[in-house]
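data_21.csv follows; it contains CSV, C-alpha atoms.
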chain,number,residue,atom,x,y,z
T,1,MET,CA,384.1,-8.4,129.4
T,2,SER,CA,385.0,-6.4,132.5
T,3,ALA,CA,384.2,-2.8,133.2
T,4,PRO,CA,386.7,-0.3,134.6
T,5,THR,CA,386.5,0.7,138.2
T,6,CYS,CA,384.3,3.7,139.1
T,7,THR,CA,386.4,6.9,138.8
T,8,LYS,CA,384.5,8.4,141.8
T,9,CYS,CA,384.5,5.8,144.5
T,10,HIS,CA,387.4,3.8,143.1
T,11,GLY,CA,385.7,0.7,144.5
T,12,LYS,CA,382.9,-0.7,142.5
T,13,PRO,CA,382.9,-1.6,138.8
T,14,SER,CA,381.5,1.2,136.6
T,15,VAL,CA,378.4,0.8,134.4
T,16,TYR,CA,378.4,4.1,132.5
T,17,HIS,CA,380.9,6.3,130.7
T,18,ARG,CA,380.3,10.0,130.4
T,19,PRO,CA,382.0,11.0,127.1
T,20,TYR,CA,381.7,14.8,127.9
T,21,SER,CA,383.6,14.5,131.3
T,22,GLY,CA,385.5,11.2,131.0
T,23,GLU,CA,383.9,9.9,134.2
T,24,ARG,CA,383.1,6.2,134.6
T,25,LEU,CA,380.5,5.6,137.2
T,26,CYS,CA,379.1,2.8,139.3
T,27,PRO,CA,375.2,2.8,139.8
T,28,THR,CA,375.5,4.4,143.3
T,29,CYS,CA,377.9,7.2,142.2
T,30,PHE,CA,375.9,7.7,139.0
T,31,LYS,CA,372.7,8.3,140.8
T,32,ALA,CA,374.4,10.4,143.5
T,33,SER,CA,375.9,12.6,140.7
T,34,LEU,CA,372.5,13.2,139.2
T,35,LYS,CA,371.1,14.2,142.5
T,36,GLU,CA,374.0,16.6,143.1
T,37,ARG,CA,373.6,18.2,139.7
T,38,VAL,CA,369.9,18.7,140.3
T,39,GLN,CA,370.6,20.1,143.7
T,40,GLY,CA,373.2,22.4,142.1
T,41,ALA,CA,370.8,23.7,139.5
T,42,ILE,CA,368.1,24.3,142.2
T,43,ASN,CA,370.6,26.4,144.2
T,44,ARG,CA,372.2,28.2,141.3
T,45,PHE,CA,368.9,29.3,139.7
T,46,LYS,CA,367.3,29.8,143.1
T,47,MET,CA,364.4,27.5,142.1
T,48,LEU,CA,363.1,26.8,145.5
T,49,ASP,CA,362.7,28.4,148.9
T,50,HIS,CA,362.4,26.5,152.2
T,51,TRP,CA,359.0,24.8,152.3
T,52,SER,CA,357.9,25.6,148.8
T,53,ARG,CA,354.8,23.9,147.6
T,54,VAL,CA,355.8,22.3,144.3
T,55,ALA,CA,353.5,20.9,141.6
T,56,VAL,CA,355.6,18.4,139.7
T,57,GLY,CA,354.4,17.7,136.1
T,58,VAL,CA,354.5,14.0,135.8
T,59,SER,CA,353.5,12.6,132.5
T,60,GLY,CA,354.5,9.0,133.2
T,61,GLY,CA,357.6,9.2,130.9
T,62,LYS,CA,361.1,8.4,132.2
T,63,ASP,CA,362.1,12.1,132.5
T,64,SER,CA,359.2,13.1,134.8
T,65,LEU,CA,359.4,10.0,136.9
T,66,THR,CA,363.1,10.6,137.4
T,67,LEU,CA,362.4,14.3,138.2
T,68,LEU,CA,359.8,13.3,140.9
T,69,HIS,CA,362.1,10.7,142.4
T,70,ILE,CA,365.2,12.9,142.6
T,71,LEU,CA,363.2,16.0,143.8
T,72,LYS,CA,361.6,13.9,146.6
T,73,GLU,CA,365.0,12.7,147.8
T,74,VAL,CA,366.6,16.2,147.5
T,75,GLU,CA,363.7,18.0,149.1
T,76,ASP,CA,363.3,15.6,152.0
T,77,GLU,CA,367.0,16.3,152.8
T,78,THR,CA,367.1,20.0,152.2
T,79,HIS,CA,364.3,22.6,151.7
T,80,GLY,CA,361.5,20.3,152.9
T,81,SER,CA,359.3,21.4,150.0
T,82,GLU,CA,355.9,19.7,149.6
T,83,LEU,CA,355.5,17.9,146.3
T,84,ILE,CA,352.2,17.2,144.5
T,85,ALA,CA,352.4,15.3,141.3
T,86,VAL,CA,350.2,16.7,138.6
T,87,THR,CA,349.2,15.1,135.4
T,88,VAL,CA,347.4,16.3,132.3
T,89,ASP,CA,345.2,13.8,130.6
T,90,GLU,CA,345.1,15.1,127.0
T,91,GLY,CA,342.6,12.5,126.0
T,92,ILE,CA,344.8,10.4,123.7
T,93,ARG,CA,343.3,6.9,123.7
T,94,GLY,CA,345.8,4.1,124.5
T,95,TYR,CA,348.8,6.4,125.0
T,96,ARG,CA,347.6,8.4,127.9
T,97,ASP,CA,345.7,5.5,129.5
T,98,GLU,CA,348.9,3.5,129.9
T,99,ALA,CA,350.8,6.5,131.3
T,100,LEU,CA,348.1,7.3,133.9
T,101,GLY,CA,348.5,3.8,135.4
T,102,ILE,CA,352.3,4.2,135.5
T,103,VAL,CA,351.9,7.6,137.3
T,104,GLU,CA,349.4,6.3,139.8
T,105,ARG,CA,351.6,3.4,140.8
T,106,ALA,CA,354.8,5.6,140.9
T,107,CYS,CA,353.1,8.2,143.2
T,108,LYS,CA,351.9,5.5,145.5
T,109,ALA,CA,355.3,3.9,145.7
T,110,MET,CA,357.0,7.3,146.4
T,111,ASP,CA,354.2,8.4,148.7
T,112,VAL,CA,353.4,11.6,146.8
T,113,GLU,CA,349.9,13.1,146.4
T,114,TRP,CA,348.6,13.0,142.8
T,115,ARG,CA,346.2,15.3,141.0
T,116,LEU,CA,344.9,14.9,137.5
T,117,VAL,CA,343.3,17.4,135.1
T,118,SER,CA,342.0,16.8,131.6
T,119,PHE,CA,341.7,18.7,128.4
T,120,ALA,CA,338.0,17.7,128.2
T,121,ASP,CA,337.4,19.4,131.6
T,122,LEU,CA,339.4,22.5,130.8
T,123,PHE,CA,338.8,23.1,127.1
T,124,GLY,CA,335.8,21.0,126.3
T,125,SER,CA,337.6,18.7,123.9
T,126,THR,CA,340.0,15.8,124.1
T,127,MET,CA,343.2,15.8,122.0
T,128,ASP,CA,341.7,13.0,119.9
T,129,GLU,CA,338.7,15.2,119.1
T,130,ILE,CA,340.9,18.2,118.3
T,131,ALA,CA,343.2,16.0,116.1
T,132,ALA,CA,340.2,14.6,114.2
T,133,GLY,CA,338.9,18.1,113.4
T,134,GLU,CA,340.0,20.5,110.7
T,135,ARG,CA,343.1,22.4,111.7
T,136,THR,CA,345.9,24.3,110.1
T,137,LEU,CA,348.5,23.4,112.8
T,138,GLY,CA,350.1,20.1,113.7
T,139,ALA,CA,348.7,18.2,116.7
T,140,CYS,CA,351.9,18.8,118.7
T,141,SER,CA,351.5,22.5,118.4
T,142,PHE,CA,348.0,22.4,119.8
T,143,CYS,CA,348.9,19.9,122.5
T,144,GLY,CA,352.0,21.8,123.7
T,145,VAL,CA,350.1,25.1,124.1
T,146,LEU,CA,347.1,23.5,125.8
T,147,ARG,CA,349.2,21.3,128.1
T,148,ARG,CA,351.2,24.3,129.3
T,149,ARG,CA,348.0,26.1,130.2
T,150,ALA,CA,346.6,22.9,131.8
T,151,LEU,CA,349.7,22.5,134.0
T,152,ASN,CA,349.5,26.1,135.1
T,153,GLU,CA,345.8,25.7,135.9
T,154,VAL,CA,346.3,22.5,138.0
T,155,ALA,CA,349.3,24.1,139.7
T,156,LYS,CA,347.1,27.0,140.7
T,157,ARG,CA,344.3,24.7,141.9
T,158,VAL,CA,346.7,22.9,144.3
T,159,ASP,CA,348.0,26.2,145.6
T,160,ALA,CA,351.5,25.5,144.4
T,161,ASN,CA,354.0,28.3,144.2
T,162,ARG,CA,356.3,26.4,141.8
T,163,LEU,CA,355.7,24.1,138.8
T,164,ALA,CA,358.5,21.7,138.2
T,165,THR,CA,358.8,20.1,134.7
T,166,GLY,CA,361.0,17.3,133.5
T,167,HIS,CA,362.8,19.2,130.7
T,168,THR,CA,366.2,17.7,130.2
T,169,LEU,CA,369.4,19.2,128.9
T,170,ASP,CA,368.4,17.8,125.5
T,171,ASP,CA,365.1,19.7,125.6
T,172,MET,CA,366.9,22.9,126.6
T,173,ALA,CA,369.5,22.6,123.9
T,174,GLN,CA,366.8,21.8,121.3
T,175,SER,CA,364.6,24.7,122.3
T,176,ALA,CA,367.7,27.0,122.2
T,177,LEU,CA,368.5,25.9,118.7
T,178,LEU,CA,364.9,26.1,117.5
T,179,ASN,CA,364.5,29.7,118.8
T,180,LEU,CA,367.7,30.6,117.0
T,181,LEU,CA,366.5,29.0,113.8
T,182,ARG,CA,363.2,30.7,114.0
T,183,GLY,CA,364.8,34.0,114.9
T,184,ASP,CA,362.7,34.2,118.0
T,185,LEU,CA,364.9,36.0,120.6
T,186,GLY,CA,361.9,36.7,122.8
T,187,LYS,CA,361.2,33.0,123.4
T,188,MET,CA,364.8,32.5,124.5
T,189,ALA,CA,363.7,33.9,127.9
T,190,SER,CA,361.6,30.8,128.5
T,191,ILE,CA,364.9,28.7,128.5
T,192,ASP,CA,365.6,30.2,132.0
T,193,PRO,CA,365.5,27.0,134.2
T,194,GLY,CA,364.6,29.1,137.2
T,195,GLY,CA,361.6,30.6,135.5
T,196,PHE,CA,360.1,33.9,136.4
T,197,THR,CA,357.2,35.3,138.4
T,198,SER,CA,354.3,36.9,136.7
T,199,PRO,CA,350.6,37.5,137.7
T,200,GLY,CA,348.6,34.4,136.9
T,201,PHE,CA,351.6,32.3,136.3
T,202,VAL,CA,352.9,29.7,138.7
T,203,ARG,CA,356.7,30.0,138.5
T,204,ARG,CA,358.0,27.2,136.3
T,205,ILE,CA,361.3,25.5,137.2
T,206,LYS,CA,363.3,22.9,135.3
T,207,PRO,CA,365.5,21.0,137.8
T,208,LEU,CA,366.7,18.5,135.2
T,209,CYS,CA,368.0,21.3,132.9
T,210,GLU,CA,371.6,20.0,133.2
T,211,ILE,CA,370.9,16.2,132.9
T,212,PRO,CA,371.2,14.7,129.4
T,213,GLU,CA,368.3,12.5,128.4
T,214,ARG,CA,370.6,9.5,128.1
T,215,GLU,CA,371.2,9.9,131.9
T,216,THR,CA,367.5,10.3,132.9
T,217,THR,CA,367.0,7.1,130.9
T,218,LEU,CA,369.7,5.3,132.7
T,219,TYR,CA,368.5,6.5,136.0
T,220,ALA,CA,365.0,5.3,135.2
T,221,TYR,CA,366.4,1.9,134.2
T,222,LEU,CA,368.6,1.6,137.3
T,223,GLN,CA,365.6,2.5,139.5
T,224,GLY,CA,363.4,-0.1,137.7
T,225,PHE,CA,360.7,2.4,136.7
T,226,GLU,CA,358.0,1.2,134.4
T,227,LEU,CA,358.8,2.5,130.9
T,228,GLN,CA,355.9,3.5,128.7
T,229,SER,CA,355.5,1.2,125.7
T,230,THR,CA,352.9,3.1,123.7
T,231,PRO,CA,354.3,6.0,121.6
T,232,CYS,CA,352.1,9.1,121.2
T,233,PRO,CA,350.1,8.6,117.9
T,234,TYR,CA,350.6,12.3,117.1
T,235,ALA,CA,354.4,12.4,117.7
T,236,GLY,CA,356.5,13.7,114.9
T,237,GLU,CA,357.0,17.4,115.4
T,238,ALA,CA,359.2,17.8,112.4
T,239,MET,CA,361.3,20.8,113.3
T,240,ARG,CA,362.1,19.7,116.9
T,241,GLY,CA,362.9,16.2,115.6
T,242,ASP,CA,365.4,17.7,113.1
T,243,ALA,CA,367.0,19.7,115.9
T,244,ARG,CA,367.2,16.6,118.1
T,245,THR,CA,368.8,14.5,115.3
T,246,PHE,CA,371.3,17.2,114.6
T,247,LEU,CA,372.3,17.8,118.2
T,248,ASN,CA,372.5,14.0,118.9
T,249,MET,CA,374.8,13.6,116.0
T,250,MET,CA,377.0,16.5,117.1
T,251,GLU,CA,377.0,15.2,120.7
T,252,ALA,CA,378.1,11.8,119.5
T,253,THR,CA,381.0,13.2,117.6
T,254,ARG,CA,381.8,16.3,119.8
T,255,PRO,CA,380.8,15.4,123.4
T,256,GLY,CA,379.7,18.5,125.3
T,257,THR,CA,377.7,20.1,122.4
T,258,LEU,CA,374.5,19.9,124.4
T,259,PHE,CA,376.0,21.8,127.3
T,260,THR,CA,377.6,24.4,125.1
T,261,THR,CA,374.3,25.1,123.3
T,262,TYR,CA,372.4,25.3,126.6
T,263,ASN,CA,375.1,27.6,128.2
T,264,THR,CA,375.1,29.9,125.2
T,265,ALA,CA,371.3,30.2,125.4
T,266,LEU,CA,371.6,31.1,129.1
T,267,LYS,CA,373.9,34.0,128.1
T,268,LEU,CA,371.2,35.3,125.7
T,269,ILE,CA,368.5,35.4,128.4
T,270,PRO,CA,369.0,39.0,129.6
T,271,ALA,CA,368.6,40.3,126.0
T,272,ALA,CA,365.6,38.0,125.5
T,273,THR,CA,363.8,39.1,128.7
T,274,THR,CA,363.7,42.7,127.5
T,275,ALA,CA,362.3,41.6,124.1
T,276,GLU,CA,359.4,39.8,125.7
T,277,THR,CA,356.9,41.6,128.0
T,278,MET,CA,353.8,40.0,129.4
T,279,LYS,CA,350.3,41.3,128.8
T,280,THR,CA,346.9,40.0,129.7
T,281,CYS,CA,344.8,38.1,127.1
T,282,LYS,CA,341.7,40.1,126.2
T,283,ILE,CA,339.5,37.0,125.9
T,284,CYS,CA,340.4,34.8,128.9
T,285,GLY,CA,342.4,37.2,131.1
T,286,GLU,CA,345.4,34.8,131.4
T,287,PRO,CA,349.0,36.0,131.0
T,288,SER,CA,349.9,36.4,127.3
T,289,THR,CA,352.7,37.8,125.2
T,290,GLY,CA,350.2,39.2,122.7
T,291,GLU,CA,346.7,40.8,122.8
T,292,THR,CA,345.2,37.3,122.6
T,293,CYS,CA,346.9,34.3,124.2
T,294,ARG,CA,348.0,31.2,122.2
T,295,VAL,CA,345.3,29.0,123.8
T,296,CYS,CA,342.4,31.3,122.8
T,297,GLN,CA,343.9,31.7,119.3
T,298,LEU,CA,344.1,27.9,118.9
T,299,LEU,CA,340.7,27.2,120.3
T,300,GLN,CA,339.2,29.9,118.0
T,301,ASP,CA,340.9,28.4,115.0
T,302,LYS,CA,340.1,24.7,115.6
I,1,MET,CA,376.6,-19.3,122.3
I,2,ARG,CA,373.3,-18.0,123.5
I,3,VAL,CA,372.3,-14.5,124.6
I,4,ARG,CA,369.1,-13.3,126.1
I,5,VAL,CA,367.6,-10.0,124.8
I,6,ARG,CA,365.0,-7.7,126.5
I,7,LEU,CA,363.5,-4.7,124.8
I,8,LEU,CA,362.1,-2.1,127.1
I,9,GLY,CA,359.7,0.9,126.7
I,10,SER,CA,358.5,1.7,123.2
I,11,LEU,CA,360.6,-1.2,121.8
I,12,ARG,CA,358.8,-3.7,124.0
I,13,PRO,CA,355.7,-4.3,121.8
I,14,THR,CA,358.0,-5.8,119.1
I,15,LEU,CA,358.5,-8.9,121.2
I,16,ALA,CA,355.1,-8.6,122.9
I,17,GLY,CA,357.0,-8.2,126.2
I,18,ARG,CA,358.7,-11.5,125.8
I,19,GLU,CA,362.4,-12.2,126.2
I,20,LEU,CA,364.3,-13.2,123.1
I,21,GLU,CA,366.9,-16.0,123.0
I,22,LEU,CA,369.4,-15.9,120.2
I,23,GLU,CA,372.1,-18.3,119.1
I,24,LEU,CA,375.1,-16.5,117.9
I,25,PRO,CA,378.5,-17.6,116.6
I,26,ILE,CA,381.3,-17.7,119.2
I,27,GLY,CA,383.2,-14.4,119.1
I,28,SER,CA,380.1,-12.3,118.1
I,29,ASP,CA,380.1,-8.7,119.3
I,30,ALA,CA,377.3,-6.2,120.0
I,31,SER,CA,377.1,-5.1,116.3
I,32,THR,CA,376.6,-8.8,115.2
I,33,LEU,CA,373.8,-9.1,117.8
I,34,ILE,CA,372.0,-5.9,116.5
I,35,LYS,CA,372.3,-7.3,112.9
I,36,HIS,CA,370.7,-10.6,114.0
I,37,ILE,CA,367.9,-8.8,115.8
I,38,THR,CA,367.1,-6.4,112.9
I,39,GLU,CA,367.2,-9.3,110.4
I,40,LYS,CA,364.6,-11.1,112.5
I,41,TYR,CA,362.6,-7.9,113.3
I,42,PRO,CA,363.1,-5.5,110.4
I,43,GLN,CA,360.7,-2.9,112.1
I,44,LEU,CA,363.6,-2.3,114.5
I,45,VAL,CA,366.0,-1.1,111.8
I,46,GLY,CA,367.3,2.3,112.9
I,47,MET,CA,365.8,2.0,116.4
I,48,LEU,CA,368.8,0.1,117.9
I,49,ASP,CA,371.3,2.6,116.7
I,50,VAL,CA,373.5,3.6,119.6
I,51,SER,CA,375.4,6.2,117.6
I,52,SER,CA,372.3,8.4,117.2
I,53,SER,CA,371.8,8.3,121.0
I,54,GLY,CA,368.4,6.8,120.5
I,55,VAL,CA,369.0,3.8,122.7
I,56,LEU,CA,371.1,2.6,125.7
I,57,ILE,CA,372.5,-0.9,125.2
I,58,MET,CA,373.1,-2.7,128.6
I,59,LEU,CA,375.4,-5.7,128.3
I,60,GLY,CA,375.1,-7.6,131.6
I,61,GLY,CA,374.1,-4.4,133.3
I,62,VAL,CA,376.9,-2.3,131.8
I,63,GLU,CA,376.3,0.4,129.1
I,64,VAL,CA,378.0,-0.5,125.9
I,65,GLY,CA,379.8,2.9,125.7
I,66,ASN,CA,381.6,2.0,129.0
I,67,LEU,CA,383.0,-1.1,127.3
I,68,GLN,CA,384.2,-1.3,123.7
I,69,GLY,CA,381.2,0.1,122.1
I,70,LEU,CA,379.6,-2.0,119.4
I,71,GLU,CA,382.8,-4.0,119.2
I,72,THR,CA,382.4,-5.4,122.7
I,73,PRO,CA,382.6,-9.2,122.5
I,74,LEU,CA,379.6,-11.1,123.9
I,75,SER,CA,379.7,-14.1,126.2
I,76,ASP,CA,377.5,-17.1,126.6
I,77,GLY,CA,374.5,-16.6,128.8
I,78,LEU,CA,374.8,-12.8,128.6
I,79,GLU,CA,371.6,-10.6,129.1
I,80,VAL,CA,371.3,-7.7,126.8
I,81,VAL,CA,368.8,-5.0,127.4
I,82,PHE,CA,367.8,-2.2,125.0
I,83,VAL,CA,366.4,0.9,126.6
I,84,PRO,CA,365.0,3.6,124.3
I,85,VAL,CA,366.2,7.1,125.1
I,86,THR,CA,364.1,9.4,122.9
I,87,HIS,CA,360.6,8.2,123.7
I,88,GLY,CA,358.5,9.8,126.4
I,89,GLY,CA,359.2,12.7,128.8

If you took the structure in this file and wrote it as structure tokens, what would it be?
Amino acid sequence: MSAPTCTKCHGKPSVYHRPYSGERLCPTCFKASLKERVQGAINRFKMLDHWSRVAVGVSGGKDSLTLLHILKEVEDETHGSELIAVTVDEGIRGYRDEALGIVERACKAMDVEWRLVSFADLFGSTMDEIAAGERTLGACSFCGVLRRRALNEVAKRVDANRLATGHTLDDMAQSALLNLLRGDLGKMASIDPGGFTSPGFVRRIKPLCEIPERETTLYAYLQGFELQSTPCPYAGEAMRGDARTFLNMMEATRPGTLFTTYNTALKLIPAATTAETMKTCKICGEPSTGETCRVCQLLQDK
Amino acid sequence: MRVRVRLLGSLRPTLAGRELELELPIGSDASTLIKHITEKYPQLVGMLDVSSSGVLIMLGGVEVGNLQGLETPLSDGLEVVFVPVTHGG
């Protein structure tokens, strides 16, 4: 069993084959290529300025740990942005407890400041309490909306002018497909990896937007990151799961499907942006696409 | 021949964090290994499926897709690591 030589450095044995490009990469060239691609996305979508103050959403999963690690290296060498890892404790017993330990150790190892905010502090209830109550929506729908608000809130508290999240190419392609299936052109604007500026919103950027999840996984493995062993007890968002299964199947048989889906969504953004205009929520005053924001709607309904 | 198996991330609790040592017939490939593991641990059926992109299979530090896929022959003393892809962001 011997692996072919790396197609980039032509020196070391490769450990990974990229079916969509044909490259075979050694660990050093693989990690360097991810860094280059993140750097490329940051530049192309004008995600950062010199000396930005970036809140990095770090959940403790492999994607966000990879994001933090690559951003730290890239920013130390280029823009010199200041990074603050921010974590939302949803209050999910077992699952989040393990992740918080992982994040704390990772931030210490990478010498990055860490801030924590909780659903209990912000909304008066933990996710476990919300999930146990009567509700019409799935737990993931609640959690996703509240987590986005919590991340924005903690980013504001640390005076960040950017909020970086660990959305991968898979996440981008899944969201694009879901928006298409739901007929929601307005939401397609949120695919924009460079984000947008709006009063009350910390501009949200997605530097891993062109990195497949298989590759964030390999990066995390090669770096020796701790990988969370406890799955979220509320996981199982049916429609996204279906989109993921379909896209993974297509990617396996037709490599490049994820990139094509993502690139097509990017072309739809100009039309989507005009379909979605931001207002102010009449209850909490936060930015909203309707008269009342999703957070207030959910908290009223729970 | 004997191979050592490690399951990482969300697969880890199956072996309670321990390493698994398996005796396989000489000439076994990666698909034979998966069959042996899932027979021993039926809860892993469908979770070690490389074709659905749900897991990376590292054979001696090399991802199986960079070799001969599931038909890659295994060697005595090889370490095989399963790294789940779809769990946790």

Item to complete: Find the residues of chain I in contact range of chain T, meaning any atom within 9 Å when counting only C-alpha atoms, and list them as a PyMOL selection string.
Response: chain I and resi 8-13+51-56+58+61-67+72-75+83-89

Worksheet item: What's the 8 Å shell around stretch 181-197 of chain T, counting only C-alpha atoms, without same-chain residues fewer than 4 positions away, as a PyMOL selection string?
Response: chain T and resi 42+45-47+172+175-177+201-207+209+265-266+268-276

Worksheet entry | Point-to-point distance from atom CA of T:Leu169 to atom CA of T:Gly256, Å rounded to tenths |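 Here the two named atoms are 10.9 Å from each other.
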
Worksheet entry | Length of the atom CA of I:Leu33 to atom CA of I:Arg4 vector [Å] |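 Interatomic distance here is 10.4 Å.
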
Worksheet item: Residues at most 12 Å from I:Tyr41, counting all atoms listed in the file, excluding those fewer than 4 positions away in the same chain, as a list in words?
Response: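 Contacts, in chain order: Leu7, Leu11, Pro13, Thr14, Leu15, Leu20, Ile34, Lys35, His36, Ile37, Val45, Gly46, Met47 and Leu48 of chain I.
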
Fill in: T:His69 environment, 12 Å, all atoms listed in the file, sequence neighbours closer than 5 positions dropped, as a ChimeraX atom specification
/T:31,34-35,38,56,58,62-64,74-76,83,85,103,106-112,166,207-208,216,219-220,223-225

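We find atom CA of I:Leu70 and atom CA of I:Thr32 to be spaced 8.5 Å apart.
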
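For the choices I:Phe82, I:Gly60, I:Val3, I:Leu22, the atom-to-atom distance to I:Leu44 is smallest for I:Phe82 when using all atoms listed in the file.
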
Discussion item. From the options T:Asp128, T:Glu82, T:Glu153, T:Glu36, which residue's atoms come nearest to T:Trp51, counting only C-alpha atoms?
Written reply: T:Glu82
